[in-house]
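J.: For reference, the file entry.cif (mmCIF, C-alpha atoms and all ligand atoms) is included below:
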data_entry
loop_
_atom_site.label_atom_id
_atom_site.label_comp_id
_atom_site.auth_asym_id
_atom_site.auth_seq_id
_atom_site.Cartn_x
_atom_site.Cartn_y
_atom_site.Cartn_z
CA MET A 1349 81.35 68.01 99.09
CA ALA A 1350 78.44 69.88 100.66
CA ASP A 1351 75.64 68.07 98.87
CA GLN A 1352 75.53 64.49 97.71
CA ASN A 1353 72.20 64.69 95.86
CA LEU A 1354 73.25 63.72 92.37
CA ASN A 1355 69.83 64.56 90.88
CA LEU A 1356 70.28 68.27 91.50
CA PRO A 1357 72.00 70.51 88.91
CA LYS A 1358 75.73 70.45 89.51
CA VAL A 1359 77.60 73.69 90.22
CA ILE A 1360 81.36 73.58 90.66
CA MET A 1361 83.17 76.21 92.77
CA HIS A 1362 86.41 77.76 91.54
CA GLY A 1363 87.74 80.14 94.15
CA PRO A 1364 88.72 80.36 97.82
CA PRO A 1365 87.55 77.42 99.99
CA ALA A 1366 84.91 79.68 101.60
CA LEU A 1367 83.37 80.54 98.23
CA SER A 1368 80.18 78.58 99.03
CA SER A 1369 79.27 81.37 101.46
CA VAL A 1370 78.61 83.51 98.37
CA LEU A 1371 75.42 81.51 97.99
CA GLN A 1372 72.56 81.73 100.46
CA PRO A 1373 71.77 78.42 102.19
CA SER A 1374 68.24 78.56 100.75
CA TYR A 1375 69.70 78.50 97.23
CA SER A 1376 72.44 75.96 98.02
CA GLN A 1377 69.71 73.37 98.73
CA ASN A 1378 68.63 73.59 95.09
CA PHE A 1379 72.01 72.64 93.64
CA HIS A 1380 74.60 69.93 93.99
CA ILE A 1381 77.52 72.09 95.05
CA ILE A 1382 80.93 70.64 94.22
CA ASN A 1383 83.65 72.41 96.19
CA PRO A 1384 87.24 71.34 95.43
CA SER A 1385 88.13 73.24 98.60
CA PHE A 1386 91.94 73.43 98.87
CA LEU A 1387 92.62 71.39 95.70
CA PRO A 1388 93.43 73.25 92.46
CA LEU A 1389 90.49 72.92 90.07
CA HIS A 1390 92.35 70.91 87.39
CA GLN A 1391 93.62 68.43 90.00
CA PHE A 1392 90.14 67.97 91.48
CA ILE A 1393 88.61 67.44 88.04
CA SER A 1394 91.25 64.93 86.96
CA THR A 1395 90.43 62.78 90.01
CA HIS A 1396 86.64 63.19 89.69
CA THR A 1397 86.24 62.95 85.90
CA HIS A 1398 82.88 61.19 85.96
CA LEU A 1399 81.31 63.60 88.46
CA CYS A 1400 82.62 66.64 86.60
CA SER A 1401 81.53 65.45 83.15
CA THR A 1402 77.99 66.61 83.90
CA VAL A 1403 78.77 69.94 85.56
CA TYR A 1404 76.71 72.63 83.81
CA ALA A 1405 77.58 75.68 85.91
CA MET A 1406 80.63 77.16 87.62
CA LEU A 1407 80.77 79.74 90.39
CA CYS A 1408 84.15 81.47 90.16
CA TYR A 1409 85.94 84.30 91.93
CA PRO A 1410 88.33 87.13 90.93
CA GLY A 1411 91.95 86.00 91.18
CA TYR A 1412 91.03 82.43 90.13
CA PRO A 1413 91.47 82.41 86.35
CA VAL A 1414 88.86 80.72 84.20
CA THR A 1415 90.99 80.19 81.10
CA ALA A 1416 90.38 78.13 77.97
CA HIS A 1417 92.23 75.34 79.81
CA GLU A 1418 89.80 75.27 82.79
CA LEU A 1419 86.83 75.55 80.41
CA ARG A 1420 88.04 72.57 78.38
CA LEU A 1421 88.16 70.42 81.52
CA LEU A 1422 84.39 70.78 81.88
CA PRO A 1423 82.83 69.58 78.60
CA SER A 1424 79.19 70.16 79.69
CA LEU A 1425 79.75 73.65 81.13
CA ARG A 1426 77.15 76.17 79.94
CA LEU A 1427 77.23 78.90 82.60
CA VAL A 1428 79.91 80.79 84.56
CA VAL A 1429 78.75 83.02 87.43
CA THR A 1430 81.08 85.47 89.15
CA PRO A 1431 80.09 87.48 92.24
CA SER A 1432 82.05 90.45 90.87
CA ALA A 1433 81.58 93.36 88.50
CA GLY A 1434 85.03 92.77 86.96
CA THR A 1435 85.36 89.79 84.63
CA ASP A 1436 89.07 89.99 83.77
CA HIS A 1437 89.62 86.56 85.40
CA ILE A 1438 87.34 84.92 82.82
CA ASP A 1439 88.31 84.20 79.21
CA LEU A 1440 85.17 85.77 77.75
CA SER A 1441 86.11 85.16 74.14
CA GLU A 1442 86.53 81.42 74.81
CA CYS A 1443 83.15 81.45 76.60
CA ARG A 1444 81.56 83.15 73.58
CA HIS A 1445 83.23 80.68 71.27
CA ARG A 1446 81.88 77.72 73.27
CA GLY A 1447 78.42 79.23 73.82
CA ILE A 1448 78.94 79.48 77.58
CA ARG A 1449 76.86 82.18 79.26
CA VAL A 1450 78.44 84.44 81.91
CA ALA A 1451 76.66 86.31 84.72
CA GLY A 1452 78.27 88.92 87.00
CA ALA A 1453 77.37 91.31 89.80
CA GLY A 1454 75.76 93.85 87.47
CA ASN A 1455 75.33 97.18 89.22
CA LEU A 1456 75.23 95.73 92.73
CA PHE A 1457 78.52 97.16 94.01
CA SER A 1458 78.68 100.39 92.02
CA ALA A 1459 77.56 102.67 94.86
CA ASP A 1460 79.88 101.02 97.43
CA VAL A 1461 82.89 101.20 95.13
CA ALA A 1462 82.12 104.84 94.26
CA ASP A 1463 81.79 105.67 97.97
CA LEU A 1464 85.18 104.08 98.63
CA ALA A 1465 86.81 105.95 95.71
CA VAL A 1466 85.59 109.27 97.12
CA ALA A 1467 86.61 108.25 100.66
CA LEU A 1468 90.14 107.42 99.46
CA LEU A 1469 90.38 110.72 97.58
CA ILE A 1470 89.26 112.67 100.65
CA ASP A 1471 91.62 110.70 102.88
CA VAL A 1472 94.67 111.27 100.66
CA THR A 1473 94.01 114.99 100.03
CA MET A 1474 93.03 115.80 103.63
CA ARG A 1475 95.63 113.41 105.07
CA ILE A 1476 93.15 111.86 107.50
CA SER A 1477 94.86 108.47 107.96
CA ALA A 1478 98.29 110.12 108.14
CA ALA A 1479 97.04 112.56 110.80
CA ASP A 1480 95.47 109.70 112.72
CA ARG A 1481 98.80 107.82 112.72
CA CYS A 1482 100.60 111.00 113.76
CA LEU A 1483 98.33 111.62 116.78
CA LYS A 1484 98.43 107.99 117.83
CA ARG A 1485 102.23 108.14 117.85
CA ARG A 1486 101.59 110.93 120.43
CA THR A 1487 103.40 113.53 118.38
CA PRO A 1488 102.81 116.79 120.33
CA PHE A 1489 99.81 118.52 118.95
CA ALA A 1490 99.95 117.26 115.44
CA SER A 1491 98.75 120.15 113.29
CA SER A 1492 101.89 122.24 113.72
CA HIS A 1493 104.13 119.29 112.80
CA PHE A 1494 102.01 118.03 110.06
CA PRO A 1495 102.36 118.80 106.32
CA ARG A 1496 99.49 120.89 104.98
CA SER A 1497 96.55 119.05 103.48
CA PHE A 1498 94.81 120.07 100.24
CA LYS A 1499 91.29 121.22 99.43
CA LEU A 1500 89.04 118.85 97.51
CA THR A 1501 86.58 121.61 96.65
CA GLY A 1502 87.28 123.04 93.22
CA LYS A 1503 89.76 120.31 92.26
CA LYS A 1504 89.75 118.93 88.73
CA VAL A 1505 89.18 115.17 88.79
CA GLY A 1506 89.64 112.93 85.76
CA ILE A 1507 87.77 109.64 85.77
CA VAL A 1508 89.20 106.77 83.75
CA GLY A 1509 86.25 104.58 82.74
CA MET A 1510 82.87 106.27 82.69
CA GLY A 1511 80.77 103.15 83.29
CA LYS A 1512 78.36 102.51 86.15
CA ILE A 1513 80.99 103.15 88.84
CA GLY A 1514 82.61 106.10 87.08
CA ILE A 1515 79.32 107.95 86.76
CA GLU A 1516 78.53 107.38 90.46
CA VAL A 1517 81.96 108.78 91.39
CA ALA A 1518 81.35 111.82 89.16
CA HIS A 1519 77.95 112.55 90.77
CA ARG A 1520 79.38 112.33 94.28
CA LEU A 1521 82.38 114.56 93.48
CA GLU A 1522 80.17 117.20 91.86
CA ALA A 1523 78.60 117.67 95.29
CA PHE A 1524 82.10 118.55 96.56
CA GLY A 1525 82.46 121.25 93.89
CA CYS A 1526 84.93 119.20 91.84
CA ILE A 1527 85.24 119.73 88.10
CA ILE A 1528 84.91 116.41 86.29
CA SER A 1529 86.25 115.14 82.98
CA TYR A 1530 86.81 111.60 81.75
CA ASN A 1531 88.50 109.13 79.46
CA SER A 1532 86.95 105.90 78.23
CA ARG A 1533 87.16 103.67 75.17
CA ASN A 1534 84.76 106.01 73.35
CA LYS A 1535 83.16 109.37 74.02
CA LYS A 1536 79.73 108.74 75.55
CA PRO A 1537 76.98 110.77 73.89
CA LEU A 1538 74.86 110.87 77.07
CA VAL A 1539 77.68 111.95 79.40
CA LYS A 1540 77.87 115.71 79.89
CA TYR A 1541 81.49 115.88 81.16
CA PRO A 1542 84.41 116.79 78.86
CA PHE A 1543 86.08 113.79 77.23
CA TYR A 1544 89.82 113.27 76.67
CA SER A 1545 90.79 110.57 74.22
CA THR A 1546 93.99 109.58 76.08
CA VAL A 1547 94.82 109.07 79.75
CA VAL A 1548 97.92 111.31 79.37
CA GLU A 1549 95.74 114.22 78.24
CA LEU A 1550 93.31 113.52 81.07
CA ALA A 1551 96.19 113.56 83.57
CA THR A 1552 97.65 116.76 82.08
CA ASN A 1553 94.35 118.57 82.64
CA ASN A 1554 93.45 117.31 86.11
CA ASN A 1555 94.61 117.35 89.74
CA ALA A 1556 93.51 113.78 90.44
CA LEU A 1557 92.74 110.59 88.53
CA VAL A 1558 90.19 108.03 89.68
CA LEU A 1559 90.49 104.64 87.96
CA CYS A 1560 87.17 102.87 87.46
CA CYS A 1561 87.66 101.00 84.19
CA ALA A 1562 87.86 97.31 83.34
CA LEU A 1563 91.25 95.61 83.04
CA ASN A 1564 91.96 94.21 79.59
CA ASP A 1565 94.82 94.15 77.05
CA GLN A 1566 94.11 97.77 76.10
CA THR A 1567 94.00 99.13 79.66
CA ARG A 1568 96.80 97.11 81.33
CA HIS A 1569 99.48 99.54 82.64
CA THR A 1570 97.54 102.46 81.23
CA VAL A 1571 98.85 104.58 84.12
CA ASN A 1572 102.58 104.64 83.39
CA ARG A 1573 105.37 107.08 84.21
CA GLU A 1574 104.31 109.48 81.45
CA VAL A 1575 100.80 109.70 82.93
CA MET A 1576 102.15 110.22 86.45
CA LEU A 1577 104.51 112.99 85.36
CA ALA A 1578 101.64 114.61 83.45
CA LEU A 1579 99.52 114.55 86.59
CA GLY A 1580 102.23 116.40 88.47
CA LYS A 1581 103.79 116.75 91.89
CA GLU A 1582 100.54 117.47 93.73
CA GLY A 1583 98.52 114.97 91.73
CA VAL A 1584 96.63 112.12 93.36
CA ILE A 1585 95.75 108.71 91.92
CA VAL A 1586 92.87 106.63 93.27
CA ASN A 1587 92.42 103.06 92.05
CA VAL A 1588 89.27 101.08 92.89
CA ALA A 1589 89.30 98.97 89.72
CA ARG A 1590 92.21 96.56 89.15
CA GLY A 1591 95.83 96.86 90.28
CA ALA A 1592 97.37 96.08 86.89
CA LEU A 1593 95.90 99.29 85.40
CA ILE A 1594 98.93 100.98 87.01
CA GLU A 1595 102.63 100.21 86.54
CA GLU A 1596 103.03 99.64 90.27
CA ASN A 1597 106.83 99.91 90.45
CA GLU A 1598 106.64 103.26 88.63
CA LEU A 1599 103.93 104.41 91.02
CA LEU A 1600 106.14 103.55 93.98
CA ARG A 1601 109.09 105.36 92.41
CA CYS A 1602 106.99 108.47 91.62
CA LEU A 1603 105.52 108.52 95.15
CA MET A 1604 108.95 108.16 96.77
CA GLU A 1605 110.58 110.76 94.53
CA GLY A 1606 107.72 113.24 95.01
CA GLU A 1607 106.80 113.13 91.31
CA ILE A 1608 103.16 112.74 92.34
CA GLY A 1609 101.45 113.83 95.54
CA GLY A 1610 99.71 110.71 96.79
CA ALA A 1611 97.63 107.61 96.09
CA GLY A 1612 94.56 105.85 97.45
CA LEU A 1613 94.61 102.16 96.50
CA ASP A 1614 92.01 99.46 96.99
CA VAL A 1615 93.63 97.13 94.45
CA PHE A 1616 97.18 95.94 93.75
CA GLU A 1617 99.09 94.47 90.85
CA ASN A 1618 99.88 91.11 92.50
CA GLU A 1619 96.92 90.52 94.80
CA PRO A 1620 96.62 89.22 97.42
CA HIS A 1621 100.28 90.27 97.80
CA VAL A 1622 100.69 93.98 98.59
CA ASN A 1623 104.11 95.51 97.89
CA GLN A 1624 105.43 96.35 101.36
CA ARG A 1625 107.17 99.48 100.10
CA PHE A 1626 103.71 101.11 100.18
CA PHE A 1627 103.64 100.65 103.97
CA LEU A 1628 106.50 103.12 104.38
CA LEU A 1629 104.74 105.96 102.59
CA ASP A 1630 102.63 108.47 104.49
CA ASN A 1631 101.10 109.87 101.29
CA VAL A 1632 99.40 106.56 100.48
CA VAL A 1633 96.12 105.20 101.84
CA LEU A 1634 95.58 101.46 101.40
CA SER A 1635 92.47 99.30 101.49
CA PRO A 1636 92.36 95.49 101.00
CA HIS A 1637 90.16 95.24 97.87
CA ALA A 1638 87.22 96.09 100.10
CA GLY A 1639 85.16 98.18 97.69
CA PHE A 1640 82.56 95.45 97.48
CA SER A 1641 82.47 94.11 100.99
CA THR A 1642 79.71 96.03 102.77
CA SER A 1643 77.34 93.74 104.70
CA GLU A 1644 74.42 94.91 102.59
CA SER A 1645 76.14 94.06 99.31
CA PHE A 1646 77.39 90.73 100.60
CA THR A 1647 73.79 89.71 101.36
CA GLY A 1648 72.74 91.09 97.97
CA ILE A 1649 75.36 89.13 96.02
CA ALA A 1650 74.52 85.87 97.80
CA GLN A 1651 70.95 86.29 96.53
CA LEU A 1652 71.95 87.44 93.06
CA VAL A 1653 74.26 84.47 92.45
CA GLY A 1654 71.43 82.12 93.47
CA ARG A 1655 68.89 83.93 91.29
CA ASN A 1656 71.20 83.73 88.26
CA LEU A 1657 71.73 79.99 88.78
CA GLU A 1658 68.00 79.43 89.24
CA ALA A 1659 67.15 81.45 86.14
CA PHE A 1660 69.68 79.50 84.07
CA PHE A 1661 68.48 76.07 85.22
CA SER A 1662 64.84 77.08 84.58
CA ASN A 1663 65.66 78.29 81.05
CA LYS A 1664 64.86 81.87 81.98
CA PRO A 1665 66.94 84.96 81.06
CA LEU A 1666 69.92 85.58 83.36
CA ILE A 1667 69.33 88.39 85.87
CA THR A 1668 72.70 90.10 85.32
CA PRO A 1669 74.17 88.72 82.10
CA VAL A 1670 77.68 89.62 80.92
CA ILE A 1671 77.36 87.50 77.76
O1 LIG B 1 86.52 93.83 92.47
C1 LIG B 1 85.38 93.64 92.61
C2 LIG B 1 84.48 93.45 91.50
O2 LIG B 1 84.95 93.28 90.37
O3 LIG B 1 83.26 93.43 91.72
#
Show me, as structure tokens, the structure contained in the file I just sent.
T.:
Amino acid sequence: MADQNLNLPKVIMHGPPALSSVLQPSYSQNFHIINPSFLPLHQFISTHTHLCSTVYAMLCYPGYPVTAHELRLLPSLRLVVTPSAGTDHIDLSECRHRGIRVAGAGNLFSADVADLAVALLIDVTMRISAADRCLKRRTPFASSHFPRSFKLTGKKVGIVGMGKIGIEVAHRLEAFGCIISYNSRNKKPLVKYPFYSTVVELATNNNALVLCCALNDQTRHTVNREVMLALGKEGVIVNVARGALIEENELLRCLMEGEIGGAGLDVFENEPHVNQRFFLLDNVVLSPHAGFSTSESFTGIAQLVGRNLEAFFSNKPLITPVI
């Protein structure tokens, strides 16, 4: 445990052992940080029942589920903070039910994630990573051996999820002369782009799909074989949201059989595991869930997490509330 001062408000970590680095040292001094380190949360709590009975806040991390079970283990818990925009690892309805507040990353990563989405789309359509691999294998002057790339200018791009990230992607792609349309839970009155009420229709009418929506029971596996076939043989899928939005085995099959043109993926269905069949495909560009790991944003999130904890323990409004 990093801090033995039992008079400070207790914050329990639920994530990778290095999760405490998501809090600036200046903030850490204000809290009694409890870090189970390599122990699973439930095991740590069952051997430290007394200590954990007065934990009011949890700092969690995507990939480490905060289910009704974990929440029940901490009877005094009143706040969950995640250093992420996505909250699919947290049982929000149980939090609501128990009156537990939740704070996230707000808009902090939107620009970085949108930049990465556009970078992946450019890379897949212009075959930059594939060309780089080709030259480095010392293939004699690559361009004559190399399959033709595609223009991005003038392409029709459908965005799934027109939230903070989706809108940033749309603005960037407009500068490339792309024609934007979108799908989301509901048509957004303030969004000027054409709306399609299903992802299949969006795919039918576009050359590329960029996935920017939240993962939930309605959106899980929203990109299935029907969507991929509707997108077509030159279609490209970019995913910077959550891996389980796509039926990954179908994606692999469609990529291998040439049913779609390519994919740019920052997220995977079984993270941190990445299906190795992707490594064999030249029409795929991969990134290790890095949309939110710029140095600037890392510094920003370490401050934001601390500010949310401070606000909560001083009875002030959360800075970036989810609920
Ligand atoms: O995946 C990253 C995030 O949800 O912020």
J.: If we count only C-alpha atoms and set the cut-off at 9 Å, which residues sit around A:Glu1418, ignoring sequence neighbours fewer than 4 positions away in its own chain? Please answer as a JSON list (two decimals) with C-alpha atoms, in the frame of the given file.
T.:
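See out_17.json below for the written result:
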[["chain", "number", "residue", "atom", "x", "y", "z"],
["A", 1389, "LEU", "CA", 90.49, 72.92, 90.07],
["A", 1390, "HIS", "CA", 92.35, 70.91, 87.39],
["A", 1413, "PRO", "CA", 91.47, 82.41, 86.35],
["A", 1414, "VAL", "CA", 88.86, 80.72, 84.20],
["A", 1422, "LEU", "CA", 84.39, 70.78, 81.88]]
J.: Given a cut-off of 12 Å, what residues near ligand LIG 1 (chain B) show up using only C-alpha atoms and all ligand atoms, put as a PyMOL selection string?
T.: chain A and resi 1408-1411+1430-1438+1451-1462+1512-1513+1560-1563+1587-1591+1614-1616+1619+1636-1642+1645-1646+1649
J.: Could the residues in this selection be written to a file with C-alpha atoms, as a PDB file, in the frame of the given file?
T.:
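Saved file selection35.pdb follows:
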ATOM      1  CA  CYS A1408      84.150  81.470  90.160  1.00  0.00           C
ATOM      2  CA  TYR A1409      85.940  84.300  91.930  1.00  0.00           C
ATOM      3  CA  PRO A1410      88.330  87.130  90.930  1.00  0.00           C
ATOM      4  CA  GLY A1411      91.950  86.000  91.180  1.00  0.00           C
ATOM      5  CA  THR A1430      81.080  85.470  89.150  1.00  0.00           C
ATOM      6  CA  PRO A1431      80.090  87.480  92.240  1.00  0.00           C
ATOM      7  CA  SER A1432      82.050  90.450  90.870  1.00  0.00           C
ATOM      8  CA  ALA A1433      81.580  93.360  88.500  1.00  0.00           C
ATOM      9  CA  GLY A1434      85.030  92.770  86.960  1.00  0.00           C
ATOM     10  CA  THR A1435      85.360  89.790  84.630  1.00  0.00           C
ATOM     11  CA  ASP A1436      89.070  89.990  83.770  1.00  0.00           C
ATOM     12  CA  HIS A1437      89.620  86.560  85.400  1.00  0.00           C
ATOM     13  CA  ILE A1438      87.340  84.920  82.820  1.00  0.00           C
ATOM     14  CA  ALA A1451      76.660  86.310  84.720  1.00  0.00           C
ATOM     15  CA  GLY A1452      78.270  88.920  87.000  1.00  0.00           C
ATOM     16  CA  ALA A1453      77.370  91.310  89.800  1.00  0.00           C
ATOM     17  CA  GLY A1454      75.760  93.850  87.470  1.00  0.00           C
ATOM     18  CA  ASN A1455      75.330  97.180  89.220  1.00  0.00           C
ATOM     19  CA  LEU A1456      75.230  95.730  92.730  1.00  0.00           C
ATOM     20  CA  PHE A1457      78.520  97.160  94.010  1.00  0.00           C
ATOM     21  CA  SER A1458      78.680 100.390  92.020  1.00  0.00           C
ATOM     22  CA  ALA A1459      77.560 102.670  94.860  1.00  0.00           C
ATOM     23  CA  ASP A1460      79.880 101.020  97.430  1.00  0.00           C
ATOM     24  CA  VAL A1461      82.890 101.200  95.130  1.00  0.00           C
ATOM     25  CA  ALA A1462      82.120 104.840  94.260  1.00  0.00           C
ATOM     26  CA  LYS A1512      78.360 102.510  86.150  1.00  0.00           C
ATOM     27  CA  ILE A1513      80.990 103.150  88.840  1.00  0.00           C
ATOM     28  CA  CYS A1560      87.170 102.870  87.460  1.00  0.00           C
ATOM     29  CA  CYS A1561      87.660 101.000  84.190  1.00  0.00           C
ATOM     30  CA  ALA A1562      87.860  97.310  83.340  1.00  0.00           C
ATOM     31  CA  LEU A1563      91.250  95.610  83.040  1.00  0.00           C
ATOM     32  CA  ASN A1587      92.420 103.060  92.050  1.00  0.00           C
ATOM     33  CA  VAL A1588      89.270 101.080  92.890  1.00  0.00           C
ATOM     34  CA  ALA A1589      89.300  98.970  89.720  1.00  0.00           C
ATOM     35  CA  ARG A1590      92.210  96.560  89.150  1.00  0.00           C
ATOM     36  CA  GLY A1591      95.830  96.860  90.280  1.00  0.00           C
ATOM     37  CA  ASP A1614      92.010  99.460  96.990  1.00  0.00           C
ATOM     38  CA  VAL A1615      93.630  97.130  94.450  1.00  0.00           C
ATOM     39  CA  PHE A1616      97.180  95.940  93.750  1.00  0.00           C
ATOM     40  CA  GLU A1619      96.920  90.520  94.800  1.00  0.00           C
ATOM     41  CA  PRO A1636      92.360  95.490 101.000  1.00  0.00           C
ATOM     42  CA  HIS A1637      90.160  95.240  97.870  1.00  0.00           C
ATOM     43  CA  ALA A1638      87.220  96.090 100.100  1.00  0.00           C
ATOM     44  CA  GLY A1639      85.160  98.180  97.690  1.00  0.00           C
ATOM     45  CA  PHE A1640      82.560  95.450  97.480  1.00  0.00           C
ATOM     46  CA  SER A1641      82.470  94.110 100.990  1.00  0.00           C
ATOM     47  CA  THR A1642      79.710  96.030 102.770  1.00  0.00           C
ATOM     48  CA  SER A1645      76.140  94.060  99.310  1.00  0.00           C
ATOM     49  CA  PHE A1646      77.390  90.730 100.600  1.00  0.00           C
ATOM     50  CA  ILE A1649      75.360  89.130  96.020  1.00  0.00           C
TER      51      ILE A1649
END
J.: Take atom CA of A:Phe1524 and atom CA of A:Lys1504 and report the distance between them in Å, one decimal.
T.: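 A separation of 11.0 Å between them.
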J.: Using all atoms listed in the file, can you list as a VMD selection string the residues within 12 Å of (96.7, 104.3, 84.7)?
T.: chain A and resid 1506 to 1509 1531 to 1532 1546 to 1551 1556 to 1563 1566 to 1579 1584 to 1596 1598 to 1599 1611 1617
J.: With all atoms listed in the file as the atoms that count, which of A:Ile1448, A:Leu1600, A:Lys1536, A:Leu1652 lies nearest to A:Leu1628?
T.: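 Among A:Ile1448, A:Leu1600, A:Lys1536, A:Leu1652, it is A:Leu1600 that comes nearest to A:Leu1628.
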J.: Around the point (91.5, 121.2, 84.3) (coordinates from the file), which residues reach within 8 Å if we count only C-alpha atoms? Answer as a list in words.
T.: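 Answer for this query, in the requested form: Lys1504, Val1505, Ile1527, Thr1552, Asn1553, Asn1554 and Asn1555 of chain A.
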J.: Kindly export the residues of the current selection with C-alpha atoms, as a compact mmCIF listing (two decimals), in the frame of the given file.
T.:
# COMPACT_ATOMS: atom_id res chain seq x y z
CA LYS A 1504 89.75 118.93 88.73
CA VAL A 1505 89.18 115.17 88.79
CA ILE A 1527 85.24 119.73 88.10
CA THR A 1552 97.65 116.76 82.08
CA ASN A 1553 94.35 118.57 82.64
CA ASN A 1554 93.45 117.31 86.11
CA ASN A 1555 94.61 117.35 89.74
J.: Select, from A:Tyr1404, A:Tyr1530, A:Tyr1375, A:Phe1386, the residue with the minimum atom-to-atom distance to A:Phe1660, counting all atoms listed in the file.
T.: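 Nearest candidate to A:Phe1660 out of A:Tyr1404, A:Tyr1530, A:Tyr1375, A:Phe1386: A:Tyr1404.
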J.: Work out how far atom CA of A:Phe1392 is from atom CA of A:Arg1446, in Å to one decimal.
T.: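 Separation of atom CA of A:Arg1446 and atom CA of A:Phe1392: 22.2 Å.
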J.: Could you check which of A:Ile1476, A:Leu1666, A:Ser1529, A:Cys1400 is closest to A:Gly1654, using all atoms listed in the file?
T.: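 Nearest candidate to A:Gly1654 out of A:Ile1476, A:Leu1666, A:Ser1529, A:Cys1400: A:Leu1666.
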J.: Of the residues A:Asp1565, A:Glu1658, A:Asp1463, A:Asp1480, which is the one nearest to A:Val1517, using only C-alpha atoms?
T.: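 Nearest to A:Val1517: A:Asp1463.
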J.: Just how far from atom CA of A:Glu1582 is atom CA of A:Gly1606, in Å to one decimal?
T.: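 Separation between atom CA of A:Gly1606 and atom CA of A:Glu1582: 8.4 Å.
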J.: To test the calculation: enclose all listed atoms of stretch 1628-1644 of chain A in a box whose edges run along x, y and z, add 6 Å on each side, then state centre and edge lengths in Å to one decimal, as JSON.
T.:
{"center_x": 90.5, "center_y": 101.8, "center_z": 101.1, "size_x": 44.1, "size_y": 28.1, "size_z": 19.2}
